[in-house]
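*Asks:* Let me give you the structure first, and then I'll get to my questions.
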Amino acid sequence: MFYSHAQDGAVITDEAVIEQWTERAGKTVVEQRLEIGEEEIENAHAENLTNFLQRKGVQILSYGSYGLESKPSVRGFTDETVRVVIDGICVNNPQYGTFDFSSINMNQIEKIEIVKGGFTEGVSDEGSVGGTVYITMKKSGDKKELSSDTSVKTYFNKNFPIDTFRQTLNFSSPIIDSKTFFSAAAGLGLAKNLYLYKDYKDEIAQRENSSVWDSSASISVSHFFENGIKLSASDSLYAGNKNCPGTETSLDSSLQKDYDNRLILNVSNPNVNDIFSWENNLAYITNIRFLDSNTEHSAHYINSLAYAAYFSYFGNSFFNQDAGFSFDGVFLDSTDDGKHNQFTFTLKSNSKLFFDSDWSLTVPLAFKFQGKNFAFVPKIGVNKKFSFGEFNINAYRMIQFPNMDDLYWSSSYANGNPDLLPEDGWGGEIGFNSFLDFLPFSVSVFTNYYRNKIQWSSISGSWRPENVASAFYVGFDFDFEKSFFNDILTIKFNCEFLHTMLLDKNNSLTYGKRIMWTPDFVASLIFDLNFDLWNMSVDANYTGLRYISNLNAAYMKPYVLLNASASFKGFKVATPYLKLENILFQDYEAVESYPMPLMSMTLGCSLKFEWD
């Protein structure tokens, strides 16, 4: 099955200990956790993480091709309500809440775990509303390894036949008696993004003013002591120069320059006397952005100091206890927001009781402080096992504090609101995981009520955010994965149905209407063929009807994207591959008036050298 029965990977990093721990814990989780391994990530040859997540049935709000803004939407929630945790540290930008998924080198990712909804057992973050994306970066192995991935892309534009070039390099090696491990990686991307699309006249046009170049580099050193303690330090750097076009009919464009650095120090012991584990993470994160357009010239400097500590007790077959503490200090110097400091404290525990081999109770509790805002976040979940499968039932509170743009933005046409309250709500979920070999599936039915949603509106000619919106959500997730013919063929299906209803009684025009941008249905169907010398993957991704405003007067049409890729594994160290995207020549938009590319083709080759 593709749902992990392990505890949060950020707490225990040694795979053998994880297996022992989960056996002791009865392999029981209440949350539905979709786990994606290294092999699947590598075989996808995805340009960035959002492209990969779309293959897993996640809606993607994208403003263009390579390097341009894109973000996932989970169960109708997006931006800061979807948390991103990398190696135990939450990396959402505190100024505007999102995370730049293009800043991650896909070849450096070891594992991705997606938890949908606000119920999370892990103690490495608190604040998820729509869901949490946990990312574990690769660590060095027992052998020396040098790998490379080179690719070029064409949009079949005769004016510019080779549009995008990407190159990544990765090296890892054990050093000093195989107790110390070293790894380094670098990446470069160059894209004109002169892709073809169908304009409002239904004629073939060429997207302009959207060229991007970006680069990344990372280095990591880990040392294992005799008593099991691990000490590691890593630094990741990203730089991007992005021409951001306006809407399809607009002549405006802007230049966005991003410079991000993430320095993380980790000290941990995954198994102390076969009873408990502990982990400490200290991170210094810098996010710098410059924006230059016809109407705006701004600079934004964010320096964040984050500390997170986790403790897990697993020495009792009837009781497990996790506890976590995190502190975030943010220092913002922004053209639009001014100079501000923000401090956030979070305390979280997760108690798990095992009544017998079939019943368990999970109780995560969290206390969160930020400025003058405080939140208590209780959750509870029950798991019941049968021979044919297991049922999960959980209920939870959802909390999202306002971001710094909401609080402090200041301009001639808009101003933030320092008196904003946290967005909050309640949610519940009933899930079932099948244990049947012939029908391995998981399904979850969920509902949420969300209030105090922050919404920007015009008041006396000036825009200002207020806690005015509330809404009701109901839907279901379904996941299926089955292999046939000795794992030669694997079929994967993921889908999400969602119905939303706005409940703002003071606005008769939107009351009872659906939330804009949220599709009624998203789905992904993947066929993977794996042979000794080659593999092939075909995936179809469907995104349903989305209204372009809360008035529900107009909508964007549904679309289907059909993609295919093939890799040849017959060479000893080289794996050439071919990718075709949007084979159906689908004319579509993920965000209104931002056209997306028609068909594209990518040719690439991965190289991997290993030696002792």
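Here's how to read the names in the structure tokens: chain A, B, ... by the order shown, residue numbers from 1 in each chain, ligand numbers from 1 in the order shown.
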What's the 8 Å shell around Gly389 of chain A, counting only C-alpha atoms, without same-chain residues fewer than 2 positions away, as a ChimeraX atom specification?
*Replies:* /A:385-387,391,432-436
*Asks:* Mind dumping the selected residues with N, CA, C and O atoms as a PDB file, in the first residue's frame?
*Replies:*
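What follows is the written file result-v1.pdb:
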```
ATOM      1  N   LYS A 385      -9.211  -1.816  13.245  1.00  0.00           N
ATOM      2  CA  LYS A 385      -8.764  -2.763  12.241  1.00  0.00           C
ATOM      3  C   LYS A 385      -9.708  -3.960  12.140  1.00  0.00           C
ATOM      4  O   LYS A 385     -10.240  -4.436  13.147  1.00  0.00           O
ATOM      5  N   PHE A 386      -9.866  -4.431  10.889  1.00  0.00           N
ATOM      6  CA  PHE A 386     -10.545  -5.682  10.599  1.00  0.00           C
ATOM      7  C   PHE A 386      -9.630  -6.495   9.687  1.00  0.00           C
ATOM      8  O   PHE A 386      -8.595  -6.008   9.244  1.00  0.00           O
ATOM      9  N   SER A 387     -10.008  -7.703   9.396  1.00  0.00           N
ATOM     10  CA  SER A 387      -9.183  -8.538   8.528  1.00  0.00           C
ATOM     11  C   SER A 387      -9.121  -7.995   7.108  1.00  0.00           C
ATOM     12  O   SER A 387      -8.138  -8.201   6.395  1.00  0.00           O
ATOM     13  N   PHE A 391     -10.642   1.254   9.523  1.00  0.00           N
ATOM     14  CA  PHE A 391     -11.406   2.495   9.488  1.00  0.00           C
ATOM     15  C   PHE A 391     -10.705   3.528  10.361  1.00  0.00           C
ATOM     16  O   PHE A 391     -10.212   3.218  11.454  1.00  0.00           O
ATOM     17  N   PHE A 432     -11.182   4.851   5.067  1.00  0.00           N
ATOM     18  CA  PHE A 432     -11.051   3.399   5.052  1.00  0.00           C
ATOM     19  C   PHE A 432      -9.878   3.022   4.160  1.00  0.00           C
ATOM     20  O   PHE A 432      -9.759   3.507   3.022  1.00  0.00           O
ATOM     21  N   ASN A 433      -8.988   2.143   4.673  1.00  0.00           N
ATOM     22  CA  ASN A 433      -7.870   1.595   3.912  1.00  0.00           C
ATOM     23  C   ASN A 433      -8.089   0.102   3.741  1.00  0.00           C
ATOM     24  O   ASN A 433      -8.207  -0.636   4.723  1.00  0.00           O
ATOM     25  N   SER A 434      -8.136  -0.351   2.506  1.00  0.00           N
ATOM     26  CA  SER A 434      -8.361  -1.767   2.225  1.00  0.00           C
ATOM     27  C   SER A 434      -7.082  -2.567   2.410  1.00  0.00           C
ATOM     28  O   SER A 434      -6.001  -2.144   1.990  1.00  0.00           O
ATOM     29  N   PHE A 435      -7.186  -3.765   3.029  1.00  0.00           N
ATOM     30  CA  PHE A 435      -6.071  -4.694   3.152  1.00  0.00           C
ATOM     31  C   PHE A 435      -6.141  -5.802   2.086  1.00  0.00           C
ATOM     32  O   PHE A 435      -5.309  -6.701   2.075  1.00  0.00           O
ATOM     33  N   LEU A 436      -7.116  -5.742   1.206  1.00  0.00           N
ATOM     34  CA  LEU A 436      -7.326  -6.784   0.219  1.00  0.00           C
ATOM     35  C   LEU A 436      -6.316  -6.636  -0.920  1.00  0.00           C
ATOM     36  O   LEU A 436      -6.218  -5.584  -1.541  1.00  0.00           O
TER      37      LEU A 436
END
```
*Asks:* I want to know what sits within 6 Å of Gln206 of chain A, based on only C-alpha atoms, with residues of the same chain fewer than 5 positions away left out; could you give that as a list in words?
*Replies:* Leu194, Tyr195 and Leu196 of chain A
*Asks:* Using only C-alpha atoms, which residue out of A:Asn280, A:Ser268, A:Thr247, A:Ser148 lies closest to Ile89 of chain A?
*Replies:* A:Asn280
*Asks:* What gap, in Å, lies between atom CA of Ile393 of chain A and atom CA of Val82 of chain A?
*Replies:*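 Spanning atom CA of Ile393 of chain A to atom CA of Val82 of chain A is a straight-line distance of 21.5 Å.
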*Asks:* Using only C-alpha atoms, which protein or nucleic acid residues come within 8 Å of Gly425 of chain A? Drop anything in the same chain fewer than 4 positions from it, and give the result as a list in words.
*Replies:* Arg397, Met398, Ile399, Asn448, Tyr449, Tyr450 and Arg451 of chain A
*Asks:* Mind listing the alpha helix (DSSP H) residues of segment 27-262 of chain A, per DSSP on the backbone, as a PDB file with C-alpha atoms, in the first residue's frame?
*Replies:*
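Output (states.pdb):
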```
ATOM      1  CA  GLU A  38      12.547   8.019  -4.486  1.00  0.00           C
ATOM      2  CA  GLU A  39      12.095   5.635  -7.426  1.00  0.00           C
ATOM      3  CA  GLU A  40       8.728   7.086  -8.436  1.00  0.00           C
ATOM      4  CA  ILE A  41      10.106  10.624  -8.166  1.00  0.00           C
ATOM      5  CA  GLU A  42      13.095   9.784 -10.359  1.00  0.00           C
ATOM      6  CA  ASN A  43      11.037   7.975 -13.008  1.00  0.00           C
ATOM      7  CA  ALA A  44       8.686  10.959 -13.404  1.00  0.00           C
ATOM      8  CA  LEU A  49       7.470  19.649  -7.588  1.00  0.00           C
ATOM      9  CA  THR A  50       4.123  21.154  -8.606  1.00  0.00           C
ATOM     10  CA  ASN A  51       4.241  19.279 -11.930  1.00  0.00           C
ATOM     11  CA  PHE A  52       4.830  16.083  -9.992  1.00  0.00           C
ATOM     12  CA  LEU A  53       2.019  16.731  -7.491  1.00  0.00           C
ATOM     13  CA  GLN A  54      -0.434  17.196 -10.350  1.00  0.00           C
TER      14      GLN A  54
END
```
*Asks:* If you run DSSP on this backbone, which residues of segment 408-455 of chain A come out as strand (DSSP E), and could you give them as a list in words?
*Replies:*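 Output for segment 408-455 of chain A, strand (DSSP E) only: Glu423, Asp424, Gly425, Trp426, Gly427, Gly428, Glu429, Ile430, Gly431, Phe432, Asn433, Ser434, Phe441, Ser442, Val443, Ser444, Val445, Phe446, Thr447, Asn448, Tyr449, Tyr450, Arg451, Asn452, Lys453, Ile454 and Gln455 of chain A.
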